[in-house]
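S.K.: I'm passing along target-v1.csv; it holds CSV, C-alpha atoms.
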```csv
chain,number,residue,atom,x,y,z
C,1,MET,CA,105.8,196.5,50.9
C,2,GLN,CA,103.4,195.3,53.6
C,3,THR,CA,102.2,191.7,53.4
C,4,PRO,CA,99.2,190.1,55.2
C,5,LEU,CA,101.5,188.5,57.7
C,6,SER,CA,103.4,191.8,58.5
C,7,TRP,CA,100.0,193.5,58.8
C,8,LEU,CA,98.9,190.8,61.3
C,9,ALA,CA,102.2,191.0,63.2
C,10,GLY,CA,101.7,194.8,63.6
C,11,ARG,CA,98.4,194.2,65.5
C,12,TYR,CA,98.7,190.8,67.2
C,13,SER,CA,101.4,188.7,68.8
C,14,LEU,CA,101.6,185.1,70.1
C,15,ASP,CA,103.7,183.7,72.9
C,16,THR,CA,106.5,181.2,72.4
C,17,ARG,CA,104.3,178.3,73.5
C,18,ALA,CA,102.1,178.8,70.4
C,19,VAL,CA,105.0,178.3,67.9
C,20,ARG,CA,106.5,175.4,69.9
C,21,LEU,CA,103.1,173.6,69.8
C,22,ALA,CA,102.6,174.3,66.1
C,23,ALA,CA,106.1,173.1,65.3
C,24,LEU,CA,105.6,169.9,67.3
C,25,VAL,CA,102.2,169.2,65.6
C,26,SER,CA,104.0,169.6,62.2
C,27,VAL,CA,106.5,166.9,63.3
C,28,VAL,CA,103.7,164.6,64.2
C,29,ALA,CA,101.8,165.3,60.9
C,30,SER,CA,105.0,164.7,58.9
C,31,ILE,CA,105.4,161.3,60.6
C,32,ALA,CA,101.7,160.6,59.9
C,33,ILE,CA,102.0,161.3,56.2
C,34,ILE,CA,104.9,158.8,56.0
C,35,VAL,CA,102.9,156.1,57.9
C,36,THR,CA,99.7,156.6,55.9
C,37,GLY,CA,101.8,156.4,52.7
C,38,GLY,CA,102.9,153.0,53.9
C,39,ILE,CA,99.3,152.0,54.5
C,40,VAL,CA,98.5,153.0,50.9
C,41,ARG,CA,101.3,150.8,49.7
C,42,VAL,CA,100.7,147.7,51.7
C,43,THR,CA,97.0,147.7,51.0
C,44,GLY,CA,97.6,148.0,47.2
C,45,SER,CA,95.8,151.3,47.0
C,46,GLY,CA,98.5,153.3,45.3
C,47,LEU,CA,96.3,153.6,42.2
C,48,GLY,CA,93.0,153.8,44.1
C,49,CYS,CA,92.7,157.2,42.5
C,50,THR,CA,93.7,156.8,38.9
C,51,ASP,CA,94.6,160.4,38.2
C,52,TRP,CA,96.0,163.5,39.9
C,53,PRO,CA,95.1,166.1,41.2
C,54,MET,CA,91.6,164.8,40.5
C,55,CYS,CA,90.9,161.3,41.7
C,56,THR,CA,89.6,160.3,38.3
C,57,GLY,CA,89.4,162.2,35.0
C,58,GLU,CA,85.9,163.5,35.9
C,59,THR,CA,85.7,163.5,39.8
C,60,LEU,CA,87.7,165.1,42.6
C,61,ALA,CA,86.7,162.3,45.1
C,62,PRO,CA,86.6,158.6,44.6
C,63,THR,CA,83.3,157.0,43.4
C,64,ALA,CA,81.5,154.1,45.2
C,65,GLU,CA,82.7,151.8,42.4
C,66,MET,CA,86.3,152.5,43.3
C,67,GLY,CA,85.8,150.8,46.7
C,68,LEU,CA,88.2,150.7,49.6
C,69,HIS,CA,91.3,151.3,47.6
C,70,GLY,CA,90.0,154.6,46.3
C,71,ALA,CA,89.0,155.7,49.8
C,72,ILE,CA,92.4,154.9,51.3
C,73,GLU,CA,94.3,156.7,48.5
C,74,PHE,CA,92.0,159.8,48.7
C,75,GLY,CA,92.3,159.8,52.5
C,76,ASN,CA,96.0,160.1,52.2
C,77,ARG,CA,95.5,163.1,49.8
C,78,LEU,CA,93.2,164.7,52.4
C,79,LEU,CA,95.9,164.3,55.0
C,80,THR,CA,98.3,166.2,52.8
C,81,GLY,CA,95.7,169.0,52.9
C,82,ALA,CA,95.6,168.9,56.7
C,83,LEU,CA,99.5,168.9,56.7
C,84,SER,CA,99.4,172.0,54.6
C,85,ALA,CA,97.1,173.7,57.1
C,86,VAL,CA,99.5,172.8,59.9
C,87,VAL,CA,102.5,174.2,58.1
C,88,GLY,CA,100.6,177.4,57.4
C,89,TRP,CA,99.9,177.6,61.2
C,90,VAL,CA,103.6,177.2,61.9
C,91,ILE,CA,104.4,180.1,59.6
C,92,ILE,CA,101.8,182.3,61.2
C,93,THR,CA,102.8,181.5,64.7
C,94,ALA,CA,106.5,182.0,63.9
C,95,ARG,CA,105.8,185.4,62.2
C,96,LEU,CA,103.5,186.6,65.0
C,97,GLN,CA,106.2,186.3,67.7
C,98,LYS,CA,107.1,189.6,69.4
C,99,GLU,CA,110.7,189.0,68.2
C,100,PRO,CA,110.5,186.5,65.3
C,101,VAL,CA,113.4,184.0,65.2
C,102,PRO,CA,115.0,183.8,61.8
C,103,SER,CA,115.8,180.1,62.1
C,104,VAL,CA,112.2,179.2,63.0
C,105,LEU,CA,110.9,181.3,60.1
C,106,ARG,CA,113.3,179.7,57.7
C,107,GLY,CA,112.3,176.2,58.9
C,108,ALA,CA,108.6,177.0,58.6
C,109,TRP,CA,108.8,178.3,55.0
C,110,ALA,CA,111.1,175.4,54.1
C,111,GLN,CA,108.3,173.1,55.2
C,112,PHE,CA,105.8,175.0,52.9
C,113,TRP,CA,107.9,174.6,49.8
C,114,ILE,CA,108.7,170.9,50.6
C,115,VAL,CA,105.0,170.2,50.9
C,116,VAL,CA,104.5,171.7,47.5
C,117,LEU,CA,107.4,169.5,46.2
C,118,ASN,CA,106.0,166.4,47.8
C,119,ALA,CA,102.5,167.0,46.3
C,120,ILE,CA,104.1,167.3,42.8
C,121,VAL,CA,106.1,164.1,43.3
C,122,GLY,CA,103.0,162.4,44.5
C,123,GLY,CA,101.2,163.4,41.3
C,124,VAL,CA,104.1,162.1,39.2
C,125,THR,CA,104.0,158.9,41.1
C,126,VAL,CA,100.4,158.3,40.0
C,127,TRP,CA,101.1,159.4,36.4
C,128,MET,CA,104.1,157.0,36.2
C,129,ARG,CA,101.9,154.2,37.5
C,130,LEU,CA,103.9,153.7,40.7
C,131,SER,CA,107.4,153.5,39.2
C,132,PRO,CA,109.5,152.3,42.2
C,133,TYR,CA,112.0,155.0,41.6
C,134,VAL,CA,109.4,157.8,41.8
C,135,VAL,CA,107.9,156.1,44.8
C,136,ALA,CA,111.3,156.1,46.5
C,137,ALA,CA,111.6,159.8,45.6
C,138,HIS,CA,108.2,160.4,47.1
C,139,PHE,CA,109.3,158.8,50.4
C,140,LEU,CA,112.6,160.8,50.5
C,141,ALA,CA,110.6,164.0,49.9
C,142,ALA,CA,108.4,163.1,52.9
C,143,THR,CA,111.6,162.5,54.9
C,144,LEU,CA,113.0,165.9,53.8
C,145,LEU,CA,109.8,167.4,55.1
C,146,LEU,CA,110.2,165.6,58.4
C,147,THR,CA,113.8,167.0,58.5
C,148,ALA,CA,112.6,170.6,58.1
C,149,ALA,CA,109.8,170.0,60.7
C,150,VAL,CA,112.3,168.7,63.3
C,151,TYR,CA,114.7,171.5,62.6
C,152,THR,CA,111.9,174.1,63.1
C,153,TRP,CA,110.8,172.4,66.3
C,154,HIS,CA,114.3,172.2,67.7
C,155,ALA,CA,114.9,175.9,66.8
C,156,ALA,CA,111.6,177.0,68.5
C,157,CYS,CA,112.4,175.0,71.6
C,158,ALA,CA,116.0,176.2,71.8
C,159,ASP,CA,115.0,179.8,71.5
C,160,ALA,CA,112.3,179.5,74.2
C,161,GLY,CA,114.6,177.6,76.5
C,162,ALA,CA,112.1,174.8,76.4
C,163,GLU,CA,114.8,172.2,77.0
C,164,GLY,CA,116.0,173.8,80.2
C,165,ASP,CA,117.5,177.1,81.2
C,166,ALA,CA,119.5,178.7,78.4
C,167,PRO,CA,123.2,178.1,79.0
C,168,ALA,CA,125.3,181.0,80.2
C,169,THR,CA,127.6,182.8,77.9
C,170,GLY,CA,130.7,180.7,77.4
C,171,ALA,CA,129.1,177.4,78.1
C,172,PRO,CA,131.3,174.7,76.6
C,173,LEU,CA,130.3,172.9,73.4
C,174,PRO,CA,130.4,169.1,73.5
C,175,PRO,CA,133.8,167.7,72.7
C,176,ALA,CA,134.8,167.9,69.0
C,177,ARG,CA,134.9,164.1,68.8
C,178,CYS,CA,131.3,163.9,69.9
C,179,ARG,CA,130.2,166.4,67.3
C,180,SER,CA,132.2,164.5,64.6
C,181,LEU,CA,130.5,161.2,65.7
C,182,SER,CA,127.1,162.8,65.5
C,183,ALA,CA,127.7,164.1,62.0
C,184,ALA,CA,128.9,160.6,60.9
C,185,LEU,CA,125.8,159.1,62.6
C,186,VAL,CA,123.5,161.4,60.6
C,187,ALA,CA,125.3,160.5,57.3
C,188,VAL,CA,125.2,156.7,57.9
C,189,THR,CA,121.6,156.9,59.0
C,190,ALA,CA,120.7,158.9,55.8
C,191,VAL,CA,122.4,156.1,53.7
C,192,LEU,CA,120.4,153.6,55.7
C,193,VAL,CA,117.2,155.3,54.8
C,194,VAL,CA,118.1,155.5,51.1
C,195,VAL,CA,119.0,151.8,51.0
C,196,GLY,CA,115.7,151.1,52.8
C,197,THR,CA,113.9,152.7,49.8
C,198,ILE,CA,115.8,150.3,47.5
C,199,ALA,CA,114.8,147.3,49.6
C,200,THR,CA,111.2,148.5,49.4
C,201,GLY,CA,111.4,149.0,45.6
C,202,SER,CA,112.8,145.5,45.2
C,203,GLY,CA,110.3,143.9,47.5
C,204,PRO,CA,106.8,142.5,47.1
C,205,HIS,CA,104.7,145.5,48.2
C,206,ALA,CA,104.4,147.3,44.9
C,207,GLY,CA,101.6,149.6,46.1
C,208,ASP,CA,98.9,148.3,43.8
C,209,SER,CA,97.2,145.0,43.2
C,210,SER,CA,98.0,145.1,39.5
C,211,ASP,CA,101.4,144.2,38.0
C,212,VAL,CA,103.7,147.1,38.9
C,213,GLN,CA,107.4,147.4,37.9
C,214,ARG,CA,110.0,146.6,40.6
C,215,MET,CA,113.6,147.7,40.9
C,216,PRO,CA,116.0,145.1,39.3
C,217,PHE,CA,117.9,144.3,42.5
C,218,ASP,CA,118.2,141.1,44.5
C,219,TRP,CA,116.0,141.8,47.5
C,220,THR,CA,118.0,139.5,49.8
C,221,VAL,CA,121.3,141.2,49.0
C,222,VAL,CA,119.8,144.7,49.5
C,223,THR,CA,118.3,143.6,52.8
C,224,VAL,CA,121.7,142.3,54.0
C,225,VAL,CA,123.3,145.7,53.1
C,226,HIS,CA,120.5,147.4,54.9
C,227,GLY,CA,121.1,145.3,58.0
C,228,VAL,CA,124.9,146.0,57.9
C,229,LEU,CA,124.2,149.8,57.8
C,230,ALA,CA,121.8,149.4,60.7
C,231,ALA,CA,124.5,147.7,62.7
C,232,ALA,CA,126.9,150.6,61.8
C,233,VAL,CA,124.3,153.1,63.1
C,234,LEU,CA,124.1,151.1,66.3
C,235,ALA,CA,127.9,151.0,66.7
C,236,LEU,CA,128.3,154.7,66.1
C,237,THR,CA,125.5,155.4,68.6
C,238,CYS,CA,127.3,153.4,71.3
C,239,CYS,CA,130.6,155.1,70.5
C,240,LEU,CA,128.9,158.5,70.8
C,241,LEU,CA,127.4,157.6,74.1
C,242,ALA,CA,130.7,156.4,75.4
C,243,ALA,CA,132.5,159.6,74.2
C,244,LEU,CA,130.0,162.0,75.8
C,245,PRO,CA,131.1,163.3,79.2
C,246,ARG,CA,129.0,162.0,82.1
C,247,GLU,CA,128.9,165.4,83.8
C,248,GLY,CA,127.2,168.4,82.4
C,249,PHE,CA,125.8,167.0,79.2
C,250,GLY,CA,122.5,165.5,80.4
C,251,ALA,CA,120.4,166.6,77.4
C,252,ALA,CA,122.8,165.2,74.8
C,253,ARG,CA,123.2,161.9,76.7
C,254,GLY,CA,119.5,161.5,77.3
C,255,LYS,CA,118.7,162.0,73.6
C,256,THR,CA,121.4,159.6,72.6
C,257,VAL,CA,120.1,156.9,74.9
C,258,LEU,CA,116.6,157.4,73.6
C,259,PHE,CA,117.9,157.2,70.1
C,260,LEU,CA,119.7,153.9,70.9
C,261,VAL,CA,116.4,152.4,72.2
C,262,VAL,CA,114.6,153.5,69.1
C,263,VAL,CA,117.3,151.9,66.8
C,264,LEU,CA,117.2,148.7,68.7
C,265,ALA,CA,113.3,148.5,68.5
C,266,GLN,CA,113.5,149.4,64.8
C,267,GLY,CA,116.1,146.6,64.2
C,268,ALA,CA,113.8,144.1,66.0
C,269,VAL,CA,110.9,145.0,63.8
C,270,GLY,CA,113.0,144.8,60.7
C,271,LEU,CA,114.3,141.4,61.6
C,272,VAL,CA,110.8,140.1,62.3
C,273,GLN,CA,109.4,141.4,59.0
C,274,SER,CA,112.3,139.9,57.0
C,275,LEU,CA,111.9,136.5,58.7
C,276,THR,CA,108.1,136.4,58.4
C,277,GLY,CA,107.6,137.3,54.7
C,278,LEU,CA,107.0,141.1,55.1
C,279,PRO,CA,103.5,141.1,56.7
C,280,SER,CA,101.7,144.4,56.1
C,281,LEU,CA,101.5,145.4,59.8
C,282,ALA,CA,105.2,144.9,60.3
C,283,VAL,CA,106.0,146.9,57.2
C,284,VAL,CA,103.9,149.8,58.5
C,285,LEU,CA,105.5,149.6,61.9
C,286,HIS,CA,108.9,149.6,60.2
C,287,LEU,CA,108.0,152.8,58.3
C,288,LEU,CA,106.9,154.4,61.6
C,289,GLY,CA,110.2,153.3,63.1
C,290,SER,CA,112.2,154.8,60.2
C,291,ALA,CA,110.5,158.1,60.8
C,292,LEU,CA,111.3,157.9,64.6
C,293,VAL,CA,114.9,156.9,63.9
C,294,TRP,CA,115.3,159.9,61.6
C,295,VAL,CA,113.7,162.3,64.2
C,296,GLY,CA,116.0,160.8,66.9
C,297,VAL,CA,119.3,161.2,65.0
C,298,LEU,CA,118.4,164.8,64.0
C,299,GLN,CA,117.6,165.6,67.6
C,300,VAL,CA,121.0,164.1,68.8
C,301,HIS,CA,122.9,166.0,66.1
C,302,LEU,CA,121.1,169.4,66.6
C,303,THR,CA,121.6,169.1,70.4
C,304,LEU,CA,125.3,168.5,70.0
C,305,LYS,CA,125.7,171.5,67.6
C,306,ARG,CA,125.1,174.0,70.5
C,307,PRO,CA,126.2,174.3,74.1
C,308,ASP,CA,124.3,171.8,76.2
C,309,PRO,CA,121.8,173.4,78.6
C,310,GLY,CA,123.0,171.0,81.3
C,311,ALA,CA,126.6,172.1,81.1
C,312,ALA,CA,127.3,173.7,84.4
C,313,LEU,CA,129.8,176.6,84.6
C,314,PRO,CA,131.8,177.8,87.6
C,315,LEU,CA,130.7,181.2,89.0
C,316,ALA,CA,132.6,184.1,87.6
C,317,GLY,CA,135.7,184.9,89.7
C,318,ALA,CA,135.4,181.7,91.7
C,319,ALA,CA,138.5,179.6,92.2
C,320,PRO,CA,138.3,176.1,90.9
C,321,TYR,CA,137.7,173.5,93.5
C,322,SER,CA,140.5,171.2,94.5
C,323,ALA,CA,140.7,168.6,97.2
C,324,PRO,CA,142.6,169.7,100.3
C,325,ASP,CA,146.1,168.2,100.6
C,326,GLU,CA,147.2,166.0,103.5
C,327,ALA,CA,149.1,168.8,105.2
C,328,ALA,CA,146.0,171.0,105.3
C,329,ARG,CA,144.0,168.3,106.9
C,330,THR,CA,146.5,168.0,109.7
```
Take the structure I supplied and represent it as structure tokens, if you would.

M.R.:
Amino acid sequence: MQTPLSWLAGRYSLDTRAVRLAALVSVVASIAIIVTGGIVRVTGSGLGCTDWPMCTGETLAPTAEMGLHGAIEFGNRLLTGALSAVVGWVIITARLQKEPVPSVLRGAWAQFWIVVLNAIVGGVTVWMRLSPYVVAAHFLAATLLLTAAVYTWHAACADAGAEGDAPATGAPLPPARCRSLSAALVAVTAVLVVVGTIATGSGPHAGDSSDVQRMPFDWTVVTVVHGVLAAAVLALTCCLLAALPREGFGAARGKTVLFLVVVLAQGAVGLVQSLTGLPSLAVVLHLLGSALVWVGVLQVHLTLKRPDPGAALPLAGAAPYSAPDEAART
């Protein structure tokens, strides 16, 4: 059975640059939806629109009487619409390749369904009057969308050789210890993100100026646990960097170093916000940092799951180089 996309694919095709660009834009848009969600929360605009999918029971958009809070919440909803358009473009560009890549198509469609999920969770968040547990689920759904976007972008770039020339057949995988460390790094970072939602749900920024339920946890204790997990992420990153071979794995080492820098910057922002009473700007910057940390750890892990483009191989049939012995030099 022919679908509109298969009909288009039979008549038009796009080059790999189109799908790479679309996938990158979806990553940026996924980060933006996380950051703007944070802006909604710290400005107390979570119930700026009192209903969903309509802003009120009678109007789709906020009214003048709803003020700035209504405009901020509705703006975040409009960004979700823009994100949906971006994901649609990713699907189209992936399908209109001369030879569509299954992993890119899977990632693109996964983003579509996660956007639908996130919209539903967002509606439940409003209906439940900003229950901190549903707010946490909303953030984790947005993080899941970011995961799918990064996977799609990585798959599109890897297929097109955007990170360098494709490795020759038989190029070595990174050492097994490095791949195990990267898997552990992803797992601990995921726990760090989840505990971060608990710290948020226990903290003062409830998302609305009215009295909103908070999670019944000691914010100081949760924050300390969050900091310990961040230190574990930092330690694992240093171990991974030390374990990576210095020769032939430039892409993996480069991404690990960049991830280390992002983790250090995120830790500094987290420390500042904890010591200064959680100012709104620092909270938003910390949310941006959490998204960048997640992008970074996924990039490191996905790079280490395949042969590194920088891994040099000896020419076929060539004898391995060895230093001449003393007798030969005389």

S.K.: Nearest residue to C:Tyr133 out of C:Leu78, C:Ala199, C:Ala32, C:Cys239, using all atoms listed in the file?

M.R.: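 For C:Tyr133, the nearest of the given residues is C:Ala199.
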
S.K.: Between atom CA of C:Arg41 and atom CA of C:Val191, what is the distance, to one decimal in Å?

M.R.: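 Distance reported for this atom pair: 22.1 Å.
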
S.K.: When you draw a straight line from atom CA of C:Val188 to atom CA of C:Ser290, how long is it in Å?

M.R.: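 Here the two named atoms are 13.3 Å from each other.
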
S.K.: For C:Ala155, work out the shell of residues within 12 Å, counting only C-alpha atoms and skipping chain neighbours fewer than 3 positions away, then give it as an MDAnalysis selection string.

M.R.: chainID C and resid 16 19:20 23:24 94 100:108 148:152 158:163 298:299 302:303 305:306

S.K.: Check the smallest atom-to-atom distance from each of C:Gly254, C:Gly122, C:Gly38, C:Gly75 to C:Ala137 using all atoms listed in the file, then report the winner.

M.R.: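 Using all atoms listed in the file, the shortest distance to C:Ala137 belongs to C:Gly122.
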
S.K.: Write out as a list of chain:residue names which residues come within 9 Å of C:Thr93 when counting all atoms listed in the file, dropping same-chain ones fewer than 3 positions away.

M.R.: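 Within the cut-off, the hits are C:Ser13, C:Leu14, C:Asp15, C:Thr16, C:Ala18, C:Val19, C:Arg20, C:Ala22, C:Gly88, C:Trp89, C:Val90, C:Leu96, C:Gln97.
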
S.K.: Would you mind listing what lies within 9 Å of C:Ala142 as a ChimeraX atom specification, with only C-alpha atoms counted and same-chain residues fewer than 2 positions away left out?

M.R.: /C:30-31,33-34,114-115,118,137-140,144-147

S.K.: Do a neighbour search on C:Val121 at 9 Å with only C-alpha atoms, toss out local chain neighbours closer than 2 positions, and write the hits as a ChimeraX atom specification.

M.R.: /C:116-119,123-126,134-135,137-138,141

S.K.: Could you turn the residues from that selection into a file that holds C-alpha atoms, as an mmCIF file, keeping the file's coordinate frame?

M.R.:
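Saved result, again_1.cif, follows:
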```
data_model
loop_
_atom_site.group_PDB
_atom_site.id
_atom_site.type_symbol
_atom_site.label_atom_id
_atom_site.label_comp_id
_atom_site.auth_asym_id
_atom_site.auth_seq_id
_atom_site.Cartn_x
_atom_site.Cartn_y
_atom_site.Cartn_z
ATOM 1 C CA VAL C 116 104.500 171.700 47.500
ATOM 2 C CA LEU C 117 107.400 169.500 46.200
ATOM 3 C CA ASN C 118 106.000 166.400 47.800
ATOM 4 C CA ALA C 119 102.500 167.000 46.300
ATOM 5 C CA GLY C 123 101.200 163.400 41.300
ATOM 6 C CA VAL C 124 104.100 162.100 39.200
ATOM 7 C CA THR C 125 104.000 158.900 41.100
ATOM 8 C CA VAL C 126 100.400 158.300 40.000
ATOM 9 C CA VAL C 134 109.400 157.800 41.800
ATOM 10 C CA VAL C 135 107.900 156.100 44.800
ATOM 11 C CA ALA C 137 111.600 159.800 45.600
ATOM 12 C CA HIS C 138 108.200 160.400 47.100
ATOM 13 C CA ALA C 141 110.600 164.000 49.900
#
```

S.K.: So which one's closest to C:Trp153, C:Ser26, C:Ser274, C:Ser6, C:Thr237? Using all atoms listed in the file, please.

M.R.: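 Between C:Ser26, C:Ser274, C:Ser6, C:Thr237, the residue approaching C:Trp153 most closely is C:Ser26.
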
S.K.: Which one of C:Cys55, C:Leu60, C:Ala268, C:Ala9 sits closest to C:Ala231 if you count only C-alpha atoms?

M.R.: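 Answer, going by the shortest atom-to-atom distance: C:Ala268.
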
S.K.: Go through C:Thr276, C:Leu185, C:Gln213, C:Ser202 one by one, measure the shortest atom-to-atom distance of each to C:Val233 using all atoms listed in the file, and give the residue with the smallest value.

M.R.: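 Looking only at the distances to C:Val233, the closest residue turns out to be C:Leu185.
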
S.K.: Nearest to C:Val25: which of C:Thr63, C:Ile120, C:Leu68, C:Ala82 is it, counting only C-alpha atoms?

M.R.: C:Ala82
